[in-house]
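J.: Below is the structure I would like to discuss, written out as structure tokens.
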Amino acid sequence: MLLLGFAWATVIVYVVVSQLPATAVELPAQRSVGREIRVVAPQGWAFFTKSAREPREVLWRAVTGRWEPAMRAPHAEPRNALGLNRASRAEAVDLGLLTSAVPKERWSNCESGAVADCLAAYGTPVPVTNPAPEPLVCGEVGLSRQRPLPWAWSDAAARTGIPASVVRLEVAC
């Protein structure tokens with residue numbers, strides 16, 4: 001059992017190391033085995049993950065006159081039973097359906113990055129119907145689409161406004 005575990009651990013280490021950029025650390029026979037590994041596992045970890053640079057879409061709701069984020073995610077929080085409650089995953093499907101129903105010209109630019117203020121100033125909500133069999137998103141909501149703050153700017157997050165696009169929807173269920 002230990003020998004089998006060691007063999008699989010070795011394979012995993014070689015797959016991971018072959019996908020990393022060049023470093024000063026090199027495993028034995030890495031150059032000769034690296035090409036074959038990239039043929040067998042060409043995507044590396046990208047197959048399992050979403051790009052961290054993609055714009056992030058966030059659901060907003062008006063709470064006592066102020067727009068606040070209303071996402072059920074992240075999935076592994078206690079309110080989602082540490083990932084066992086799948087409603088947060090289904091909400092992402094609802095958002096995808098709603099986003100695709102909004103005409104591009106109805107999205108409004110929010111140059112300041114202050115999404116709550118831009119949603120408050122948005123005109124008439126766009127009427128859409130949620131076609132999901134068991135919809136989670138209904139009523140008046142806001143959607144924002146914003147690129148993530150680059151990691152190099154993380155110290156300036158409080159002072160940095162990343163431009164966004166916003167839209168308000170009146171979702172019929």
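Every chain in the structure tokens has a letter given in the order shown (A, B, ...), and although residue numbers restart at 1 in each chain, ligands are simply numbered from 1 in the order shown.
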Pick out the residues sitting within 9 Å of Ala62 in chain A, and hand them over as a VMD selection string; count only C-alpha atoms, and ignore anything fewer than 3 positions along from it in its own chain.
T.: chain A and resid 65 to 69 120 140 to 142
J.: Applying 9 Å and only C-alpha atoms, which residues near Ala73 in chain A remain after dropping the ones on its own chain fewer than 5 positions away? List them as a list of chain:residue names.
T.: A:Asn80, A:Ala87, A:Ser88, A:Arg89, A:Glu91, A:Ala92
J.: Within range 101-170 of chain A, find each residue whose DSSP state, derived from the backbone, is helix (DSSP H, G or I), and express the selection as a list in words.
T.: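 The helix (DSSP H, G or I) subset of range 101-170 of chain A is Ala101, Lys104, Glu105, Arg106, Val115, Ala116, Asp117, Cys118, Leu119, Ala120, Ala121, Trp151, Ala152, Trp153, Ser154, Asp155, Ala156, Ala157, Ala158 and Arg159 of chain A.
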J.: Those same residues, written as an mmCIF file, in the first residue's frame with C-alpha atoms?
T.:
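After the write, out23.cif holds the following:
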data_model
loop_
_atom_site.group_PDB
_atom_site.id
_atom_site.type_symbol
_atom_site.label_atom_id
_atom_site.label_comp_id
_atom_site.auth_asym_id
_atom_site.auth_seq_id
_atom_site.Cartn_x
_atom_site.Cartn_y
_atom_site.Cartn_z
ATOM 1 C CA ALA A 101 -31.047 37.723 -21.601
ATOM 2 C CA LYS A 104 -25.551 44.632 -24.401
ATOM 3 C CA GLU A 105 -26.766 48.222 -24.791
ATOM 4 C CA ARG A 106 -28.627 48.037 -21.449
ATOM 5 C CA VAL A 115 -21.283 49.634 -7.945
ATOM 6 C CA ALA A 116 -23.894 50.428 -5.280
ATOM 7 C CA ASP A 117 -23.972 54.092 -6.333
ATOM 8 C CA CYS A 118 -24.143 53.201 -10.043
ATOM 9 C CA LEU A 119 -27.055 50.813 -9.442
ATOM 10 C CA ALA A 120 -28.893 53.491 -7.457
ATOM 11 C CA ALA A 121 -28.475 55.928 -10.364
ATOM 12 C CA TRP A 151 -2.890 41.046 -6.894
ATOM 13 C CA ALA A 152 -0.027 43.561 -7.134
ATOM 14 C CA TRP A 153 -2.502 46.299 -6.117
ATOM 15 C CA SER A 154 -3.974 44.412 -3.160
ATOM 16 C CA ASP A 155 -2.487 46.856 -0.651
ATOM 17 C CA ALA A 156 -4.403 49.678 -2.353
ATOM 18 C CA ALA A 157 -7.765 47.854 -2.521
ATOM 19 C CA ALA A 158 -9.535 50.335 -0.245
ATOM 20 C CA ARG A 159 -8.409 53.287 -2.409
#
J.: Going by DSSP on the backbone, which residues of range 55-128 of chain A come out as strand (DSSP E)? List them as a PyMOL selection string.
T.: chain A and resi 56-63+66-69+108-110+126-128
J.: CA of Ala22 in chain A and CA of Val40 in chain A are how many Å apart?
T.: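 Between CA of Ala22 in chain A and CA of Val40 in chain A the gap is 19.4 Å.
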J.: Nearest to Trp107 in chain A among A:Leu169, A:Ile162, A:Ala132, A:Ile12, with distances taken over only C-alpha atoms: which residue is it?
T.: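 Of A:Leu169, A:Ile162, A:Ala132, A:Ile12, the one nearest Trp107 in chain A is A:Leu169, counting only C-alpha atoms.
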J.: Find the residues around Pro21 in chain A up to 12 Å (only C-alpha atoms counted), leave out those fewer than 5 positions away in its own chain, and share them as a ChimeraX atom specification.
T.: /A:16,26,34
J.: CA of Pro150 in chain A and CA of Ala76 in chain A, how far apart in Å?
T.: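 Interatomic distance, CA of Ala76 in chain A to CA of Pro150 in chain A: 23.6 Å.
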J.: Please report the interatomic distance between CA of Leu98 in chain A and CA of Pro133 in chain A in Å with one decimal.
T.: 13.4 Å
